[in-house]
$ cat protein.txt   # compact mmCIF, C-alpha atoms
# COMPACT_ATOMS: atom_id res chain seq x y z
CA MET E 8 -80.75 35.43 59.60
CA GLY E 9 -84.14 37.04 60.06
CA THR E 10 -84.96 39.77 62.51
CA PRO E 11 -87.16 38.99 65.55
CA GLU E 12 -90.13 40.60 63.77
CA THR E 13 -89.81 38.68 60.50
CA SER E 14 -89.01 35.32 62.12
CA ARG E 15 -92.31 35.21 64.09
CA GLU E 16 -95.56 33.64 63.02
CA PRO E 17 -98.04 35.64 60.91
CA CYS E 18 -100.44 37.81 62.81
CA PRO E 19 -103.56 35.64 63.20
CA ASP E 20 -101.51 32.63 64.30
CA ARG E 21 -99.16 34.72 66.42
CA ILE E 22 -101.75 35.20 69.16
CA LEU E 23 -102.30 31.48 69.75
CA ASP E 24 -98.58 30.82 69.51
CA ASP E 25 -97.77 33.43 72.15
CA VAL E 26 -100.60 32.30 74.43
CA GLY E 27 -99.35 28.70 74.40
CA GLY E 28 -95.70 29.68 74.83
CA ALA E 29 -96.47 32.07 77.68
CA PHE E 30 -98.63 29.47 79.47
CA GLY E 31 -95.93 26.82 79.21
CA MET E 32 -93.22 29.18 80.42
CA GLY E 33 -95.34 30.38 83.34
CA ALA E 34 -96.39 26.87 84.32
CA VAL E 35 -92.86 25.47 84.29
CA GLY E 36 -91.33 28.46 86.05
CA GLY E 37 -94.15 28.68 88.58
CA ALA E 38 -93.95 24.96 89.30
CA ALA E 39 -90.23 25.15 90.03
CA PHE E 40 -90.59 28.26 92.19
CA HIS E 41 -93.57 27.06 94.23
CA PHE E 42 -92.11 23.57 94.65
CA LEU E 43 -89.01 25.01 96.27
CA LYS E 44 -91.11 27.43 98.33
CA GLY E 45 -93.52 24.70 99.46
CA THR E 46 -90.66 22.36 100.35
CA TYR E 47 -88.96 25.06 102.40
CA ASN E 48 -92.13 26.08 104.27
CA SER E 49 -93.37 22.53 104.98
CA PRO E 50 -92.55 20.79 108.27
CA SER E 51 -89.91 18.09 108.49
CA GLY E 52 -91.16 14.75 107.18
CA ALA E 53 -93.76 16.29 104.87
CA ARG E 54 -91.60 18.48 102.66
CA LEU E 55 -92.13 16.48 99.45
CA SER E 56 -95.89 16.38 99.83
CA GLY E 57 -95.97 20.08 100.74
CA GLY E 58 -93.94 20.96 97.63
CA THR E 59 -96.17 18.95 95.30
CA GLN E 60 -99.32 20.45 96.86
CA ALA E 61 -97.94 23.97 96.36
CA VAL E 62 -97.23 23.13 92.70
CA ARG E 63 -100.77 21.86 92.14
CA MET E 64 -102.29 24.96 93.69
CA ASN E 65 -100.12 27.69 92.20
CA ALA E 66 -98.50 26.49 88.93
CA PRO E 67 -101.73 26.64 86.84
CA ARG E 68 -102.51 30.09 88.21
CA VAL E 69 -99.09 31.45 87.26
CA GLY E 70 -99.33 29.82 83.83
CA GLY E 71 -102.77 31.38 83.28
CA SER E 72 -101.48 34.82 84.24
CA PHE E 73 -98.63 34.50 81.76
CA ALA E 74 -101.04 33.30 79.09
CA VAL E 75 -103.30 36.34 79.61
CA TRP E 76 -100.32 38.68 79.36
CA GLY E 77 -99.04 36.94 76.21
CA GLY E 78 -102.45 36.95 74.56
CA LEU E 79 -103.02 40.65 75.22
CA PHE E 80 -99.53 41.52 74.06
CA SER E 81 -99.96 39.62 70.77
CA THR E 82 -103.39 41.16 70.23
CA PHE E 83 -102.06 44.70 70.64
CA ASP E 84 -99.04 43.82 68.50
CA CYS E 85 -101.23 42.58 65.65
CA THR E 86 -103.39 45.68 66.00
CA MET E 87 -100.34 47.92 65.59
CA VAL E 88 -99.18 45.89 62.59
CA TYR E 89 -102.59 46.36 60.98
CA LEU E 90 -102.69 50.10 61.71
CA ARG E 91 -99.09 50.92 60.77
CA GLN E 92 -98.77 48.35 57.96
CA LYS E 93 -95.19 47.45 58.84
CA GLU E 94 -93.19 45.28 61.21
CA ASP E 95 -90.66 47.04 63.47
CA PRO E 96 -89.70 47.14 67.17
CA TRP E 97 -92.06 50.04 67.82
CA ASN E 98 -95.02 47.68 67.51
CA SER E 99 -93.72 45.53 70.36
CA ILE E 100 -92.89 48.55 72.54
CA ILE E 101 -96.35 50.08 72.13
CA ALA E 102 -97.96 46.66 72.64
CA GLY E 103 -96.03 46.15 75.88
CA ALA E 104 -97.08 49.55 77.19
CA ALA E 105 -100.71 48.96 76.23
CA THR E 106 -100.71 45.51 77.87
CA GLY E 107 -99.28 46.81 81.13
CA GLY E 108 -101.77 49.67 81.24
CA PHE E 109 -104.73 47.46 80.37
CA LEU E 110 -103.99 44.89 83.08
CA SER E 111 -103.72 47.62 85.76
CA MET E 112 -106.76 49.58 84.62
CA ARG E 113 -108.89 48.50 87.62
CA GLN E 114 -106.40 49.98 90.09
CA GLY E 115 -106.74 53.54 88.80
CA LEU E 116 -105.23 55.84 86.24
CA GLY E 117 -101.96 56.39 88.12
CA SER E 118 -101.27 52.69 88.55
CA ALA E 119 -102.21 52.03 84.92
CA SER E 120 -99.82 54.76 83.74
CA ARG E 121 -96.95 53.40 85.80
CA SER E 122 -97.59 49.87 84.56
CA ALA E 123 -97.77 51.11 80.97
CA LEU E 124 -94.46 52.95 81.35
CA PHE E 125 -92.85 49.92 82.95
CA GLY E 126 -94.14 47.63 80.17
CA GLY E 127 -92.91 49.97 77.44
CA VAL E 128 -89.43 50.31 78.96
CA LEU E 129 -89.18 46.54 79.51
CA LEU E 130 -90.12 45.77 75.92
CA ALA E 131 -87.74 48.47 74.66
CA LEU E 132 -84.88 46.81 76.53
CA ILE E 133 -85.84 43.37 75.22
CA GLU E 134 -86.11 44.59 71.62
CA GLY E 135 -82.81 46.49 71.86
CA ALA E 136 -81.02 43.43 73.21
CA GLY E 137 -82.52 41.31 70.43
CA ILE E 138 -81.41 43.74 67.72
CA MET E 139 -77.87 43.94 69.10
CA LEU E 140 -77.62 40.15 69.38
CA ASN E 141 -78.92 39.77 65.83
CA LYS E 142 -76.30 42.20 64.50
CA VAL E 143 -73.51 40.44 66.35
CA LEU E 144 -74.54 37.00 65.09
CA SER E 145 -75.11 38.15 61.49
CA ALA E 146 -71.83 40.11 61.20
CA PRO E 147 -69.46 38.47 58.65
CA GLN E 148 -66.35 36.94 60.05
CA ASN E 149 -63.36 38.65 58.41
CA MET E 150 -60.74 36.53 60.07
CA PRO E 151 -58.18 35.26 57.49
CA MET E 152 -58.03 31.55 57.02
CA MET E 153 -54.58 30.16 57.83
CA GLU E 154 -53.63 27.11 55.79
CA GLU E 155 -51.36 24.84 57.76
CA PRO E 156 -48.97 22.62 55.77
CA ALA E 157 -49.32 18.90 56.17
CA PRO E 158 -46.84 17.60 58.77
CA ASN E 159 -44.07 15.32 57.54
CA MET E 160 -44.76 11.77 58.62
CA ALA E 161 -41.93 9.95 60.32
CA GLY E 162 -40.38 7.39 57.99
CA TYR E 163 -41.97 8.80 54.82
CA PRO E 164 -40.34 11.19 52.35
CA MET E 165 -41.71 14.65 51.80
CA GLY E 166 -44.87 14.70 49.67
CA GLN E 167 -45.68 11.01 50.25
CA MET E 168 -48.67 10.04 52.37
CA PRO E 169 -48.87 6.82 54.43
CA GLY E 170 -50.17 3.94 52.34
CA GLN E 171 -49.09 5.50 49.02
CA VAL E 172 -46.94 3.39 46.69
CA PRO E 173 -43.55 5.06 46.29
CA VAL E 174 -42.67 6.09 42.75
CA PRO E 175 -39.20 4.91 41.64
CA VAL E 176 -36.91 7.66 40.44
CA GLU E 177 -34.48 6.93 37.60
CA SER E 178 -31.00 8.23 38.24
CA SER E 179 -28.23 8.56 35.69
CA SER E 180 -25.34 8.34 38.11
CA PRO E 181 -21.89 7.07 37.14
CA SER E 182 -22.22 4.16 39.55
CA SER E 183 -25.24 2.77 37.66
CA SER E 184 -23.43 3.02 34.30
CA SER E 185 -20.33 1.39 35.72
CA SER E 186 -22.35 -1.43 37.29
CA SER E 187 -24.14 -2.10 33.99
CA SER E 188 -20.83 -2.20 32.13
CA TRP E 189 -19.36 -4.48 34.79
CA PHE E 190 -22.28 -6.95 34.48
CA GLY E 191 -22.17 -6.65 30.73
CA GLY E 192 -18.55 -7.75 30.72
CA PHE E 193 -19.58 -11.15 32.01
CA PHE E 194 -22.91 -11.80 30.29
CA GLY E 195 -23.27 -9.53 27.28
CA GLY E 196 -19.70 -8.96 26.16
CA LYS E 197 -19.67 -11.56 23.34
CA LYS E 198 -22.96 -10.34 21.90
CA GLU E 199 -21.67 -6.82 21.79
CA ASP E 200 -18.44 -7.99 20.13
CA GLN E 201 -20.38 -9.93 17.52
CA ALA E 202 -22.55 -6.93 16.80
CA THR E 203 -19.53 -4.69 16.41
CA SER E 204 -17.69 -7.21 14.25
CA GLY E 205 -20.72 -7.64 12.00
CA GLY E 206 -20.85 -3.94 11.56
CA SER E 207 -17.16 -3.84 10.56
CA LYS E 208 -17.65 -6.49 7.86
CA THR E 209 -20.48 -4.54 6.42
CA ASP E 210 -18.35 -1.45 6.37
CA VAL E 211 -15.53 -3.32 4.59
CA LEU E 212 -17.84 -4.68 1.89
CA GLU E 213 -19.35 -1.33 1.27
CA SER E 214 -15.91 0.22 0.94
CA PHE E 215 -15.09 -1.67 -2.32
CA ASP E 216 -15.88 0.20 -5.53
CA ALA E 217 -18.36 -1.36 -7.94
CA PRO E 218 -17.04 -2.20 -11.52
CA PRO E 219 -17.96 0.28 -14.23
CA VAL E 220 -20.97 -0.51 -16.35
CA PRO E 221 -20.00 -1.02 -20.05
CA SER E 222 -21.60 1.33 -22.52
CA PHE E 223 -22.56 0.27 -26.06
CA GLU E 224 -22.73 3.68 -27.60
CA TYR E 225 -21.13 4.15 -31.04
CA LYS E 226 -18.29 6.60 -31.11
$ encode --input "protein.txt" --output "structure tokens"
Amino acid sequence: MGTPETSREPCPDRILDDVGGAFGMGAVGGAAFHFLKGTYNSPSGARLSGGTQAVRMNAPRVGGSFAVWGGLFSTFDCTMVYLRQKEDPWNSIIAGAATGGFLSMRQGLGSASRSALFGGVLLALIEGAGIMLNKVLSAPQNMPMMEEPAPNMAGYPMGQMPGQVPVPVESSSPSSSSSSSWFGGFFGGKKEDQATSGGSKTDVLESFDAPPVPSFEYK
């Protein structure tokens, strides 16, 4: 996140940007203020027309005053950037003091000094609040992340999500072996007997000794 100084427009374009923003802010705020004031001061039955007439007369004037202040402030700010060759809050503070003093120059040295002091203090408060807000927003969040286990769905075993095909589990329990032997007694008993009997015959035949092979060697 950039600081308020680095996130602004470059210096030549900054003046026009601040003039337009200040005019829009002054026009909108002045229109709302003078509409309410004109409505309150108008007689009954003509409050709406009195409010709109007050907006037409005063909103452009307030917007122009804000635009002049914004243009002078940006001009002094760019001048300080050019002279000091760096961007920091001191440029805005000095620019605010210079703007306040310049706008009150026609009223005398004392009034210009008070306006300059007021402008410098105001900009110092604004810059300080911006720096503190920037530090708070850019501070890393060191809160530990708590991983919550997935809740067990009703009617589903642990570890199985809804819509997942259950995986059959093979069990070697005595009941399954007894059931297979019980079914095998009816359907597969004869085949097993034949297999065992065939194996016994083979064992009997292999048990006989083969006759000796005659030798024709001369003794």
$ residues_around --input "protein.txt" --residues "range 24-32 of chain E" --least-positions-apart "6" --cutoff "12 Å" --atoms "all atoms listed in the file" --output "ChimeraX atom specification"
/E:15-18,38-39,66-82,84-85
$ atom_distance --input "protein.txt" --atom1 "CA of Ser120 in chain E" --atom2 "CA of Ala102 in chain E"
13.9 Å
$ atom_distance --input "protein.txt" --atom1 "CA of Gly103 in chain E" --atom2 "CA of Leu130 in chain E"
5.9 Å
$ residues_around --input "protein.txt" --residues "Thr46 in chain E" --least-positions-apart "5" --cutoff "6 Å" --atoms "only C-alpha atoms" --output "list in words"
Arg54, Gly57 and Gly58 of chain E
$ atom_distance --input "protein.txt" --atom1 "CA of Glu94 in chain E" --atom2 "CA of Thr106 in chain E"
18.3 Å
$ closest_residue --input "protein.txt" --among "E:Gln114, E:Asn65, E:Asn141, E:Ser99" --to "Gly33 in chain E" --atoms "all atoms listed in the file"
E:Asn65
$ residues_around --input "protein.txt" --residues "Ala104 in chain E" --least-positions-apart "3" --cutoff "12 Å" --atoms "all atoms listed in the file" --output "ChimeraX atom specification"
/E:76,79-80,83-84,97-101,107-111,119-131
